[in-house]
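Data from query18.cif: mmCIF, C-alpha atoms
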```cif
data_run
#
loop_
_atom_site.label_atom_id
_atom_site.label_comp_id
_atom_site.auth_asym_id
_atom_site.auth_seq_id
_atom_site.Cartn_x
_atom_site.Cartn_y
_atom_site.Cartn_z
CA ILE L 295 -101.53 -71.06 -43.54
CA ASN L 296 -102.20 -67.96 -45.62
CA ARG L 297 -100.36 -65.71 -43.19
CA ILE L 298 -97.27 -67.92 -43.08
CA GLU L 299 -97.35 -68.34 -46.86
CA ALA L 300 -97.11 -64.55 -47.28
CA MET L 301 -94.21 -64.07 -44.87
CA ARG L 302 -90.84 -63.14 -46.43
CA TYR L 303 -87.46 -61.93 -45.17
CA GLY L 304 -83.86 -61.48 -46.38
CA ALA L 305 -82.06 -58.92 -48.54
CA GLU L 306 -84.23 -59.71 -51.59
CA ASN L 307 -87.33 -60.45 -49.53
CA LYS L 308 -87.45 -63.96 -51.02
CA ASP L 309 -86.61 -66.10 -47.99
CA TYR L 310 -89.70 -67.95 -46.77
CA PHE L 311 -91.32 -70.50 -44.42
CA TRP L 312 -92.98 -73.80 -45.26
CA LEU L 313 -95.34 -76.12 -43.37
CA GLN L 314 -95.58 -79.91 -43.28
CA ASP L 315 -96.88 -82.53 -40.92
CA THR L 316 -95.19 -85.66 -39.62
CA SER L 317 -96.77 -87.99 -42.21
CA PRO L 318 -94.96 -86.34 -44.01
CA ARG L 319 -97.41 -84.25 -46.04
CA ILE L 320 -96.78 -80.73 -47.30
CA VAL L 321 -99.26 -78.34 -45.75
CA MET L 322 -97.90 -75.29 -47.57
CA HIS L 323 -94.85 -74.39 -49.64
CA PRO L 324 -94.94 -70.89 -51.19
CA TYR L 325 -92.63 -71.73 -54.14
CA ARG L 326 -93.51 -75.41 -54.71
CA LYS L 327 -97.25 -75.23 -54.83
CA ASP L 328 -97.22 -78.51 -56.74
CA LEU L 329 -96.28 -80.18 -53.43
CA ASN L 330 -99.11 -78.68 -51.37
CA ASN L 331 -101.35 -81.36 -49.77
CA GLN L 332 -99.09 -84.05 -51.27
CA ASP L 333 -97.52 -87.00 -49.49
CA VAL L 334 -93.75 -86.43 -49.82
CA SER L 335 -92.51 -89.65 -48.21
CA ASP L 336 -90.66 -90.52 -51.42
CA PHE L 337 -89.48 -86.99 -52.26
CA ARG L 338 -85.68 -86.67 -52.53
CA ASP L 339 -83.42 -83.72 -53.20
CA ALA L 340 -80.85 -83.57 -56.01
CA HIS L 341 -78.39 -85.55 -53.87
CA GLY L 342 -80.88 -88.29 -53.07
CA ALA L 343 -81.70 -87.27 -49.48
CA ASN L 344 -85.25 -88.08 -48.34
CA ILE L 345 -85.47 -84.62 -46.81
CA PHE L 346 -89.10 -84.37 -45.67
CA VAL L 347 -88.88 -87.74 -43.93
CA GLU L 348 -85.67 -86.52 -42.26
CA PHE L 349 -87.44 -83.33 -41.19
CA SER L 350 -90.27 -85.35 -39.67
CA GLN L 351 -87.90 -87.67 -37.78
CA LEU L 352 -85.81 -84.78 -36.45
CA ALA L 353 -88.86 -82.83 -35.28
CA THR L 354 -90.49 -85.91 -33.72
CA GLU L 355 -87.36 -86.99 -31.86
CA LYS L 356 -85.92 -83.62 -30.79
CA GLY L 357 -88.71 -81.11 -31.32
CA GLU L 358 -86.42 -78.83 -33.34
CA GLY L 359 -83.05 -78.77 -35.11
CA TYR L 360 -80.95 -78.01 -38.17
CA PHE L 361 -80.63 -79.98 -41.39
CA ASN L 362 -78.39 -79.62 -44.48
CA TYR L 363 -79.58 -80.49 -47.99
CA VAL L 364 -79.88 -79.00 -51.48
CA TRP L 365 -82.92 -77.13 -52.81
CA GLN L 366 -83.97 -74.87 -55.61
CA TRP L 367 -82.68 -71.28 -55.41
CA LYS L 368 -85.59 -69.36 -53.87
CA ASP L 369 -88.16 -68.99 -56.67
CA ASP L 370 -85.86 -70.33 -59.43
CA PRO L 371 -86.54 -74.09 -59.95
CA ASP L 372 -83.69 -74.40 -62.47
CA ARG L 373 -81.02 -73.47 -59.93
CA ILE L 374 -80.03 -75.86 -57.13
CA GLU L 375 -77.99 -74.62 -54.14
CA PRO L 376 -76.86 -76.02 -50.76
CA LYS L 377 -79.15 -74.98 -47.95
CA GLU L 378 -79.34 -75.26 -44.16
CA SER L 379 -82.78 -75.18 -42.59
CA TYR L 380 -84.14 -74.89 -39.09
CA ILE L 381 -87.36 -76.76 -38.27
CA ARG L 382 -89.61 -76.89 -35.23
CA ILE L 383 -92.74 -78.90 -34.42
CA TYR L 384 -96.01 -77.44 -33.21
CA ALA L 385 -97.39 -80.49 -31.42
CA PRO L 386 -101.04 -79.39 -30.90
CA TRP L 387 -101.57 -79.35 -34.66
CA ASN L 388 -98.87 -81.89 -35.54
CA TRP L 389 -97.35 -79.29 -37.83
CA ILE L 390 -93.67 -78.70 -38.59
CA ILE L 391 -92.61 -75.18 -39.59
CA GLY L 392 -89.29 -74.67 -41.30
CA THR L 393 -87.12 -72.02 -42.92
CA GLY L 394 -83.61 -72.04 -44.24
CA VAL L 395 -80.64 -70.01 -45.47
CA TYR L 396 -78.61 -70.72 -48.57
CA VAL L 397 -74.95 -71.48 -47.91
CA ASN L 398 -74.07 -69.23 -50.83
CA ASP L 399 -75.79 -66.29 -49.11
CA VAL L 400 -73.84 -66.95 -45.92
CA GLN L 401 -70.55 -67.16 -47.81
CA THR L 402 -71.35 -63.96 -49.70
CA GLU L 403 -72.16 -62.20 -46.45
CA ILE L 404 -68.90 -63.44 -44.92
CA GLU L 405 -66.93 -62.23 -47.93
CA ASN L 406 -68.65 -58.85 -47.76
CA LEU L 407 -67.90 -58.61 -44.06
CA ARG L 408 -64.28 -59.67 -44.63
CA GLY L 409 -63.91 -57.09 -47.41
CA TYR L 410 -65.38 -54.41 -45.14
CA ILE L 411 -63.01 -55.32 -42.32
CA VAL L 412 -60.04 -55.29 -44.71
CA LYS L 413 -61.02 -51.84 -46.00
CA ILE L 414 -61.45 -50.49 -42.48
CA SER L 415 -58.12 -52.03 -41.44
CA LEU L 416 -56.32 -50.54 -44.43
CA ALA L 417 -57.87 -47.15 -43.69
CA VAL L 418 -56.77 -47.35 -40.04
CA ILE L 419 -53.27 -48.46 -41.08
CA GLY L 420 -53.11 -45.59 -43.58
CA ILE L 421 -54.16 -43.08 -40.92
CA VAL L 422 -51.61 -44.50 -38.46
CA ILE L 423 -48.86 -44.30 -41.10
CA LEU L 424 -49.78 -40.68 -41.89
CA LEU L 425 -49.73 -39.85 -38.17
CA LEU L 426 -46.34 -41.53 -37.78
CA ILE L 427 -44.97 -39.62 -40.77
CA TYR L 428 -46.34 -36.38 -39.31
CA LEU L 429 -44.88 -37.10 -35.86
CA ILE L 430 -41.51 -38.07 -37.34
CA ARG L 431 -41.51 -34.93 -39.48
CA GLN L 432 -42.43 -32.77 -36.49
CA GLY L 433 -39.75 -34.49 -34.44
CA MET L 434 -37.17 -33.76 -37.13
CA VAL L 435 -38.30 -30.13 -37.32
CA LEU L 436 -38.07 -29.78 -33.53
CA GLU L 437 -34.68 -31.49 -33.48
CA ASN L 438 -33.40 -29.18 -36.23
CA SER L 439 -34.78 -26.19 -34.33
CA ARG L 440 -33.13 -27.38 -31.13
CA GLU L 441 -29.80 -27.89 -32.87
CA GLU L 442 -30.07 -24.46 -34.48
CA ALA L 443 -30.94 -22.89 -31.11
CA GLU L 444 -28.00 -24.64 -29.47
CA LYS L 445 -25.73 -23.46 -32.27
CA LEU L 446 -26.96 -19.88 -31.90
CA LEU L 447 -26.61 -20.12 -28.14
CA VAL L 448 -23.03 -21.33 -28.41
CA GLU L 449 -22.25 -18.59 -30.92
CA SER L 450 -23.90 -16.02 -28.66
CA VAL L 451 -21.98 -17.22 -25.60
CA ASP L 452 -18.72 -17.21 -27.54
CA ARG L 453 -19.46 -13.73 -28.82
CA TYR L 454 -20.32 -12.42 -25.36
CA GLN L 455 -17.24 -14.04 -23.89
CA ALA L 456 -15.05 -12.50 -26.55
CA LEU L 457 -16.60 -9.08 -26.02
CA SER L 458 -16.44 -9.34 -22.25
CA GLU L 459 -12.81 -10.41 -22.27
CA ALA L 460 -11.96 -7.41 -24.41
CA ALA L 461 -13.92 -5.00 -22.21
CA THR L 462 -12.30 -2.70 -19.66
CA GLU L 463 -15.28 -3.19 -17.32
CA GLY L 464 -16.15 -6.21 -15.28
CA ALA L 465 -18.86 -8.30 -16.95
CA LEU L 466 -21.01 -10.66 -14.92
CA PHE L 467 -23.49 -12.99 -16.65
CA VAL L 468 -26.52 -13.87 -14.49
CA TYR L 469 -29.14 -16.52 -15.22
CA ASP L 470 -32.00 -17.63 -12.97
CA GLY L 471 -30.67 -15.50 -10.14
CA ARG L 472 -27.22 -17.09 -10.09
CA CYS L 473 -23.86 -16.01 -11.44
CA ARG L 474 -22.77 -18.10 -14.42
CA TYR L 475 -19.74 -16.39 -15.92
CA GLY L 476 -17.48 -13.39 -15.44
CA ASN L 477 -14.71 -11.89 -17.48
CA THR L 478 -11.12 -11.43 -16.35
CA VAL L 479 -11.79 -7.90 -15.08
CA MET L 480 -14.72 -9.17 -12.98
CA TYR L 481 -12.57 -11.89 -11.43
CA GLU L 482 -9.99 -9.27 -10.53
CA LEU L 483 -12.65 -7.02 -8.94
CA LEU L 484 -14.04 -9.91 -6.93
CA GLY L 485 -10.64 -11.33 -6.11
CA CYS L 486 -11.73 -14.89 -6.96
CA ALA L 487 -10.91 -17.56 -9.53
CA SER L 488 -13.15 -18.40 -12.48
CA ASP L 489 -14.18 -21.77 -11.01
CA LYS L 490 -15.71 -20.03 -7.96
CA ILE L 491 -18.10 -17.74 -9.81
CA GLU L 492 -20.93 -20.28 -10.18
CA LEU L 493 -20.92 -20.83 -6.42
CA LEU L 494 -22.06 -17.24 -5.91
CA ASN L 495 -25.50 -15.67 -6.20
CA LEU L 496 -26.40 -12.00 -6.55
CA GLN L 497 -26.70 -11.50 -2.78
CA ASP L 498 -23.13 -12.74 -2.31
CA ILE L 499 -21.76 -10.09 -4.71
CA PHE L 500 -24.29 -7.28 -4.09
CA PRO L 501 -25.06 -7.38 -0.34
CA GLU L 502 -28.21 -5.79 1.04
CA LEU L 503 -26.64 -2.58 2.33
CA ILE L 504 -27.76 1.04 2.30
CA ALA L 505 -25.15 1.78 -0.38
CA ASN L 506 -26.80 -0.82 -2.66
CA LYS L 507 -30.45 0.10 -2.01
CA GLU L 508 -30.99 1.99 -5.27
CA TRP L 509 -29.20 -0.69 -7.27
CA LEU L 510 -31.04 -3.62 -5.67
CA ASP L 511 -34.38 -1.80 -6.03
CA SER L 512 -33.74 -1.41 -9.75
CA LEU L 513 -33.11 -5.16 -10.06
CA VAL L 514 -36.32 -6.00 -8.19
CA LYS L 515 -38.40 -3.63 -10.35
CA GLY L 516 -37.37 -5.40 -13.50
CA SER L 517 -37.41 -2.29 -15.60
CA ASP L 518 -36.38 -2.07 -19.24
CA GLY L 519 -32.78 -1.44 -18.20
CA SER L 520 -32.61 2.34 -18.61
CA ALA L 521 -33.09 2.95 -14.87
CA SER L 522 -30.38 0.40 -14.05
CA ASN L 523 -27.51 2.16 -15.79
CA GLY L 524 -24.81 4.11 -13.98
CA ILE L 525 -26.01 3.32 -10.43
CA SER L 526 -23.45 3.48 -7.68
CA GLY L 527 -23.04 0.81 -5.05
CA VAL L 528 -20.63 -1.69 -3.62
CA ILE L 529 -19.65 -5.28 -4.32
CA ARG L 530 -18.44 -7.75 -1.74
CA ARG L 531 -15.17 -9.33 -2.72
CA CYS L 532 -14.35 -12.92 -1.89
CA ASP L 533 -12.16 -11.81 1.04
CA GLY L 534 -15.15 -9.98 2.59
CA THR L 535 -14.07 -6.43 1.78
CA LEU L 536 -16.38 -4.02 -0.03
CA LEU L 537 -15.51 -2.17 -3.22
CA SER L 538 -17.27 0.97 -4.50
CA CYS L 539 -18.43 0.54 -8.11
CA HIS L 540 -20.84 1.77 -10.76
CA PHE L 541 -23.29 -0.76 -12.23
CA SER L 542 -25.29 -1.07 -15.42
CA VAL L 543 -27.34 -3.79 -17.03
CA LYS L 544 -27.30 -5.12 -20.59
CA ASN L 545 -30.18 -7.08 -22.22
CA GLY L 546 -32.82 -5.44 -20.00
CA LEU L 547 -34.64 -6.66 -16.90
CA ASN L 548 -38.11 -7.39 -18.18
CA ASN L 549 -37.71 -10.82 -16.63
CA PRO L 550 -35.13 -10.85 -13.84
CA GLU L 551 -35.23 -14.63 -13.75
CA SER L 552 -33.95 -14.80 -17.34
CA GLY L 553 -30.39 -14.19 -18.41
CA PHE L 554 -28.82 -10.73 -18.39
CA MET L 555 -25.39 -9.15 -18.00
CA ILE L 556 -24.22 -6.70 -15.33
CA LEU L 557 -21.34 -4.38 -16.17
CA VAL L 558 -19.26 -3.33 -13.15
CA ARG L 559 -16.87 -0.37 -13.22
CA ARG L 560 -14.77 0.49 -10.23
CA SER L 561 -15.38 3.97 -8.78
CA VAL L 562 -12.81 6.62 -9.52
CA ASP L 563 -11.87 7.00 -5.84
CA LEU L 564 -10.81 3.28 -5.76
CA THR L 565 -11.91 3.18 -2.14
CA GLU L 566 -12.25 -0.17 -0.34
CA HIS L 567 -14.39 -0.44 2.79
CA THR L 568 -15.25 -2.96 5.43
CA GLY L 569 -18.77 -4.22 5.83
CA ALA L 570 -19.30 -2.11 8.98
CA HIS L 571 -19.21 1.15 7.02
CA PHE L 572 -22.21 0.13 4.96
CA ALA L 573 -24.33 -1.67 7.53
CA LEU L 574 -28.09 -1.28 7.25
#
```
Could I get this structure in the form of structure tokens?
Amino acid sequence: INRIEAMRYGAENKDYFWLQDTSPRIVMHPYRKDLNNQDVSDFRDAHGANIFVEFSQLATEKGEGYFNYVWQWKDDPDRIEPKESYIRIYAPWNWIIGTGVYVNDVQTEIENLRGYIVKISLAVIGIVILLLIYLIRQGMVLENSREEAEKLLVESVDRYQALSEAATEGALFVYDGRCRYGNTVMYELLGCASDKIELLNLQDIFPELIANKEWLDSLVKGSDGSASNGISGVIRRCDGTLLSCHFSVKNGLNNPESGFMILVRRSVDLTEHTGAHFAL
């Protein structure tokens, strides 16, 4: 009895246990010592419920269970609050032990939990909104950068086309190992129309012949461009004939797979050859 009387739990360490028998008689109540060793058959709560008799009947019939009633607030006899208790019988001694929680405590705990969940949810929503704003902003920056790059690319292409069309040399634009564009002089040197240029690759125009060895080696090396200027060689025209020319590269060859421009100038002797004269 003394051990159970001293037991407490809860946030304020004021929740407790009480003991009664099935008479019903209070064996021990830590806050209502006036009821200890008293017959409480006629005791009723503030709502008129004969609670200790109900406890006895519930424990006798079912051995354990829950019961709702009203009781003083912990150790404050002037405050009455709704309470739900759990009771259980210990048959060898014919004792019933019980403890309960105040409905107000449960509601307060639920409100605290709800408030915590709301705060966490708002924080998560805020973080998600900030991430979305950041992603949208980054997307807009990338889109603006892409549009600016496209604009610069178009301007660059237009500028190169204008320069190449005004040049007296053939200009061949190469990207990713394939021919993309040539000026009017280049089309005349190759003897092909402008819509055929993208069907050709470098090997079609600069065949692997002895006359082109130095030139092709300079392309493979990928030098800074200085070693690729003024190299003699031949180009294969669309009709299969070979034409002696001088070649140079603009924009460098640090990365042969990237875009660069080859300038082609016909040799002074204006000699045309068949492929047999330059066989490997």
Region 491-494 of chain L surroundings by all atoms listed in the file, 12 Å radius, close-in-sequence under 4 positions cut, as an MDAnalysis selection string
chainID L and resid 465:478 480:482 484:487 498:501 530:532
What residues come out when you apply the PyMOL selection byres ((chain L and resi 327-341) around 10) to this file, written as a PyMOL selection string?
chain L and resi 312-326+342-348+350+363-366+374-375
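As for CA of Arg560 (chain L) and CA of Asp489 (chain L), they are spaced 22.3 Å apart.
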By how many Å are CA of Lys368 (chain L) and CA of Lys308 (chain L) apart?
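Value for the CA of Lys368 (chain L)-CA of Lys308 (chain L) distance: 6.4 Å.
The space separating CA of Val397 (chain L) from CA of Asn296 (chain L) comes to 27.6 Å.
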Could you expand the PyMOL selection byres ((chain L and resi 390) around 7) into the explicit residues it covers here, written as a ChimeraX atom specification?
/L:313-315,381-384,388-389,391-392
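Restricting the calculation to all atoms listed in the file, the smallest distance between Asn506 (chain L) and any of L:Gly524, L:Glu441, L:Ile529, L:Leu446 is found for L:Ile529.
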Evaluate the PyMOL selection byres ((chain L and resi 509) around 10) and record the selected residues as a PDB file with C-alpha atoms, in the frame of the given file, following the chain and residue labels used in the document.
```pdb
ATOM      1  CA  PHE L 500     -24.290  -7.280  -4.090  1.00  0.00           C
ATOM      2  CA  GLU L 502     -28.210  -5.790   1.040  1.00  0.00           C
ATOM      3  CA  ILE L 504     -27.760   1.040   2.300  1.00  0.00           C
ATOM      4  CA  ALA L 505     -25.150   1.780  -0.380  1.00  0.00           C
ATOM      5  CA  ASN L 506     -26.800  -0.820  -2.660  1.00  0.00           C
ATOM      6  CA  LYS L 507     -30.450   0.100  -2.010  1.00  0.00           C
ATOM      7  CA  GLU L 508     -30.990   1.990  -5.270  1.00  0.00           C
ATOM      8  CA  LEU L 510     -31.040  -3.620  -5.670  1.00  0.00           C
ATOM      9  CA  ASP L 511     -34.380  -1.800  -6.030  1.00  0.00           C
ATOM     10  CA  SER L 512     -33.740  -1.410  -9.750  1.00  0.00           C
ATOM     11  CA  LEU L 513     -33.110  -5.160 -10.060  1.00  0.00           C
ATOM     12  CA  VAL L 514     -36.320  -6.000  -8.190  1.00  0.00           C
ATOM     13  CA  ALA L 521     -33.090   2.950 -14.870  1.00  0.00           C
ATOM     14  CA  SER L 522     -30.380   0.400 -14.050  1.00  0.00           C
ATOM     15  CA  ASN L 523     -27.510   2.160 -15.790  1.00  0.00           C
ATOM     16  CA  GLY L 524     -24.810   4.110 -13.980  1.00  0.00           C
ATOM     17  CA  ILE L 525     -26.010   3.320 -10.430  1.00  0.00           C
ATOM     18  CA  SER L 526     -23.450   3.480  -7.680  1.00  0.00           C
ATOM     19  CA  GLY L 527     -23.040   0.810  -5.050  1.00  0.00           C
ATOM     20  CA  VAL L 528     -20.630  -1.690  -3.620  1.00  0.00           C
ATOM     21  CA  HIS L 540     -20.840   1.770 -10.760  1.00  0.00           C
ATOM     22  CA  PHE L 541     -23.290  -0.760 -12.230  1.00  0.00           C
ATOM     23  CA  SER L 542     -25.290  -1.070 -15.420  1.00  0.00           C
TER      24      SER L 542
END
```
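Counting only C-alpha atoms and comparing L:Asp452, L:Glu405, L:Asp369, L:Asp309, the residue that lies closest to Thr393 (chain L) is L:Asp309.
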With the input short on atoms, add all heavy atoms back to region 424-435 of chain L and write it as a PDB file, in the coordinates of the input.
```pdb
ATOM      1  N   LEU L 424     -49.829 -42.128 -41.698  1.00  0.00           N
ATOM      2  CA  LEU L 424     -49.780 -40.680 -41.890  1.00  0.00           C
ATOM      3  C   LEU L 424     -49.445 -39.965 -40.582  1.00  0.00           C
ATOM      4  O   LEU L 424     -48.659 -39.000 -40.572  1.00  0.00           O
ATOM      5  CB  LEU L 424     -51.123 -40.179 -42.427  1.00  0.00           C
ATOM      6  CG  LEU L 424     -51.468 -40.587 -43.872  1.00  0.00           C
ATOM      7  CD1 LEU L 424     -52.863 -40.101 -44.243  1.00  0.00           C
ATOM      8  CD2 LEU L 424     -50.438 -40.020 -44.853  1.00  0.00           C
ATOM      9  N   LEU L 425     -50.039 -40.440 -39.464  1.00  0.00           N
ATOM     10  CA  LEU L 425     -49.730 -39.850 -38.170  1.00  0.00           C
ATOM     11  C   LEU L 425     -48.269 -40.039 -37.799  1.00  0.00           C
ATOM     12  O   LEU L 425     -47.614 -39.129 -37.281  1.00  0.00           O
ATOM     13  CB  LEU L 425     -50.639 -40.441 -37.085  1.00  0.00           C
ATOM     14  CG  LEU L 425     -52.107 -40.009 -37.108  1.00  0.00           C
ATOM     15  CD1 LEU L 425     -52.904 -40.756 -36.049  1.00  0.00           C
ATOM     16  CD2 LEU L 425     -52.224 -38.500 -36.869  1.00  0.00           C
ATOM     17  N   LEU L 426     -47.751 -41.255 -38.073  1.00  0.00           N
ATOM     18  CA  LEU L 426     -46.340 -41.530 -37.780  1.00  0.00           C
ATOM     19  C   LEU L 426     -45.432 -40.630 -38.613  1.00  0.00           C
ATOM     20  O   LEU L 426     -44.441 -40.089 -38.113  1.00  0.00           O
ATOM     21  CB  LEU L 426     -46.029 -43.003 -38.029  1.00  0.00           C
ATOM     22  CG  LEU L 426     -46.610 -44.009 -37.025  1.00  0.00           C
ATOM     23  CD1 LEU L 426     -46.309 -45.434 -37.458  1.00  0.00           C
ATOM     24  CD2 LEU L 426     -46.042 -43.758 -35.634  1.00  0.00           C
ATOM     25  N   ILE L 427     -45.777 -40.499 -39.908  1.00  0.00           N
ATOM     26  CA  ILE L 427     -44.970 -39.620 -40.770  1.00  0.00           C
ATOM     27  C   ILE L 427     -45.014 -38.184 -40.250  1.00  0.00           C
ATOM     28  O   ILE L 427     -43.978 -37.500 -40.187  1.00  0.00           O
ATOM     29  CB  ILE L 427     -45.497 -39.689 -42.220  1.00  0.00           C
ATOM     30  CG1 ILE L 427     -45.227 -41.082 -42.814  1.00  0.00           C
ATOM     31  CG2 ILE L 427     -44.838 -38.616 -43.080  1.00  0.00           C
ATOM     32  CD1 ILE L 427     -45.841 -41.281 -44.190  1.00  0.00           C
ATOM     33  N   TYR L 428     -46.215 -37.741 -39.839  1.00  0.00           N
ATOM     34  CA  TYR L 428     -46.340 -36.380 -39.310  1.00  0.00           C
ATOM     35  C   TYR L 428     -45.518 -36.206 -38.044  1.00  0.00           C
ATOM     36  O   TYR L 428     -44.804 -35.209 -37.885  1.00  0.00           O
ATOM     37  CB  TYR L 428     -47.817 -36.083 -39.037  1.00  0.00           C
ATOM     38  CG  TYR L 428     -48.054 -34.755 -38.355  1.00  0.00           C
ATOM     39  CD1 TYR L 428     -48.013 -33.564 -39.074  1.00  0.00           C
ATOM     40  CD2 TYR L 428     -48.313 -34.703 -36.990  1.00  0.00           C
ATOM     41  CE1 TYR L 428     -48.226 -32.350 -38.458  1.00  0.00           C
ATOM     42  CE2 TYR L 428     -48.520 -33.483 -36.355  1.00  0.00           C
ATOM     43  CZ  TYR L 428     -48.472 -32.319 -37.080  1.00  0.00           C
ATOM     44  OH  TYR L 428     -48.679 -31.118 -36.469  1.00  0.00           O
ATOM     45  N   LEU L 429     -45.623 -37.197 -37.124  1.00  0.00           N
ATOM     46  CA  LEU L 429     -44.880 -37.100 -35.860  1.00  0.00           C
ATOM     47  C   LEU L 429     -43.377 -37.131 -36.104  1.00  0.00           C
ATOM     48  O   LEU L 429     -42.617 -36.395 -35.471  1.00  0.00           O
ATOM     49  CB  LEU L 429     -45.297 -38.242 -34.927  1.00  0.00           C
ATOM     50  CG  LEU L 429     -46.731 -38.177 -34.392  1.00  0.00           C
ATOM     51  CD1 LEU L 429     -47.053 -39.418 -33.573  1.00  0.00           C
ATOM     52  CD2 LEU L 429     -46.929 -36.932 -33.541  1.00  0.00           C
ATOM     53  N   ILE L 430     -42.944 -38.010 -37.030  1.00  0.00           N
ATOM     54  CA  ILE L 430     -41.510 -38.070 -37.340  1.00  0.00           C
ATOM     55  C   ILE L 430     -41.049 -36.745 -37.945  1.00  0.00           C
ATOM     56  O   ILE L 430     -39.980 -36.226 -37.596  1.00  0.00           O
ATOM     57  CB  ILE L 430     -41.230 -39.251 -38.296  1.00  0.00           C
ATOM     58  CG1 ILE L 430     -41.467 -40.588 -37.575  1.00  0.00           C
ATOM     59  CG2 ILE L 430     -39.805 -39.187 -38.822  1.00  0.00           C
ATOM     60  CD1 ILE L 430     -41.392 -41.786 -38.478  1.00  0.00           C
ATOM     61  N   ARG L 431     -41.861 -36.214 -38.850  1.00  0.00           N
ATOM     62  CA  ARG L 431     -41.510 -34.930 -39.480  1.00  0.00           C
ATOM     63  C   ARG L 431     -41.431 -33.822 -38.429  1.00  0.00           C
ATOM     64  O   ARG L 431     -40.484 -33.022 -38.431  1.00  0.00           O
ATOM     65  CB  ARG L 431     -42.549 -34.588 -40.547  1.00  0.00           C
ATOM     66  CG  ARG L 431     -42.294 -33.249 -41.232  1.00  0.00           C
ATOM     67  CD  ARG L 431     -43.388 -32.974 -42.259  1.00  0.00           C
ATOM     68  NE  ARG L 431     -43.258 -31.646 -42.822  1.00  0.00           N
ATOM     69  CZ  ARG L 431     -42.473 -31.333 -43.831  1.00  0.00           C
ATOM     70  NH1 ARG L 431     -41.751 -32.279 -44.402  1.00  0.00           N
ATOM     71  NH2 ARG L 431     -42.408 -30.104 -44.291  1.00  0.00           N
ATOM     72  N   GLN L 432     -42.447 -33.781 -37.541  1.00  0.00           N
ATOM     73  CA  GLN L 432     -42.430 -32.770 -36.490  1.00  0.00           C
ATOM     74  C   GLN L 432     -41.237 -32.938 -35.571  1.00  0.00           C
ATOM     75  O   GLN L 432     -40.622 -31.971 -35.131  1.00  0.00           O
ATOM     76  CB  GLN L 432     -43.733 -32.828 -35.679  1.00  0.00           C
ATOM     77  CG  GLN L 432     -44.964 -32.348 -36.426  1.00  0.00           C
ATOM     78  CD  GLN L 432     -44.847 -30.899 -36.836  1.00  0.00           C
ATOM     79  OE1 GLN L 432     -44.677 -30.595 -38.013  1.00  0.00           O
ATOM     80  NE2 GLN L 432     -44.919 -30.004 -35.891  1.00  0.00           N
ATOM     81  N   GLY L 433     -40.913 -34.222 -35.275  1.00  0.00           N
ATOM     82  CA  GLY L 433     -39.750 -34.490 -34.440  1.00  0.00           C
ATOM     83  C   GLY L 433     -38.468 -33.997 -35.094  1.00  0.00           C
ATOM     84  O   GLY L 433     -37.592 -33.435 -34.423  1.00  0.00           O
ATOM     85  N   MET L 434     -38.354 -34.227 -36.413  1.00  0.00           N
ATOM     86  CA  MET L 434     -37.170 -33.760 -37.130  1.00  0.00           C
ATOM     87  C   MET L 434     -37.096 -32.241 -37.147  1.00  0.00           C
ATOM     88  O   MET L 434     -36.014 -31.661 -36.986  1.00  0.00           O
ATOM     89  CB  MET L 434     -37.180 -34.322 -38.549  1.00  0.00           C
ATOM     90  CG  MET L 434     -37.038 -35.834 -38.632  1.00  0.00           C
ATOM     91  SD  MET L 434     -37.194 -36.469 -40.315  1.00  0.00           S
ATOM     92  CE  MET L 434     -35.762 -35.704 -41.085  1.00  0.00           C
ATOM     93  N   VAL L 435     -38.274 -31.593 -37.336  1.00  0.00           N
ATOM     94  CA  VAL L 435     -38.300 -30.130 -37.320  1.00  0.00           C
ATOM     95  C   VAL L 435     -37.870 -29.605 -35.959  1.00  0.00           C
ATOM     96  O   VAL L 435     -37.066 -28.662 -35.852  1.00  0.00           O
ATOM     97  CB  VAL L 435     -39.707 -29.618 -37.688  1.00  0.00           C
ATOM     98  CG1 VAL L 435     -39.809 -28.110 -37.458  1.00  0.00           C
ATOM     99  CG2 VAL L 435     -40.029 -29.947 -39.140  1.00  0.00           C
TER     100      VAL L 435
END
```
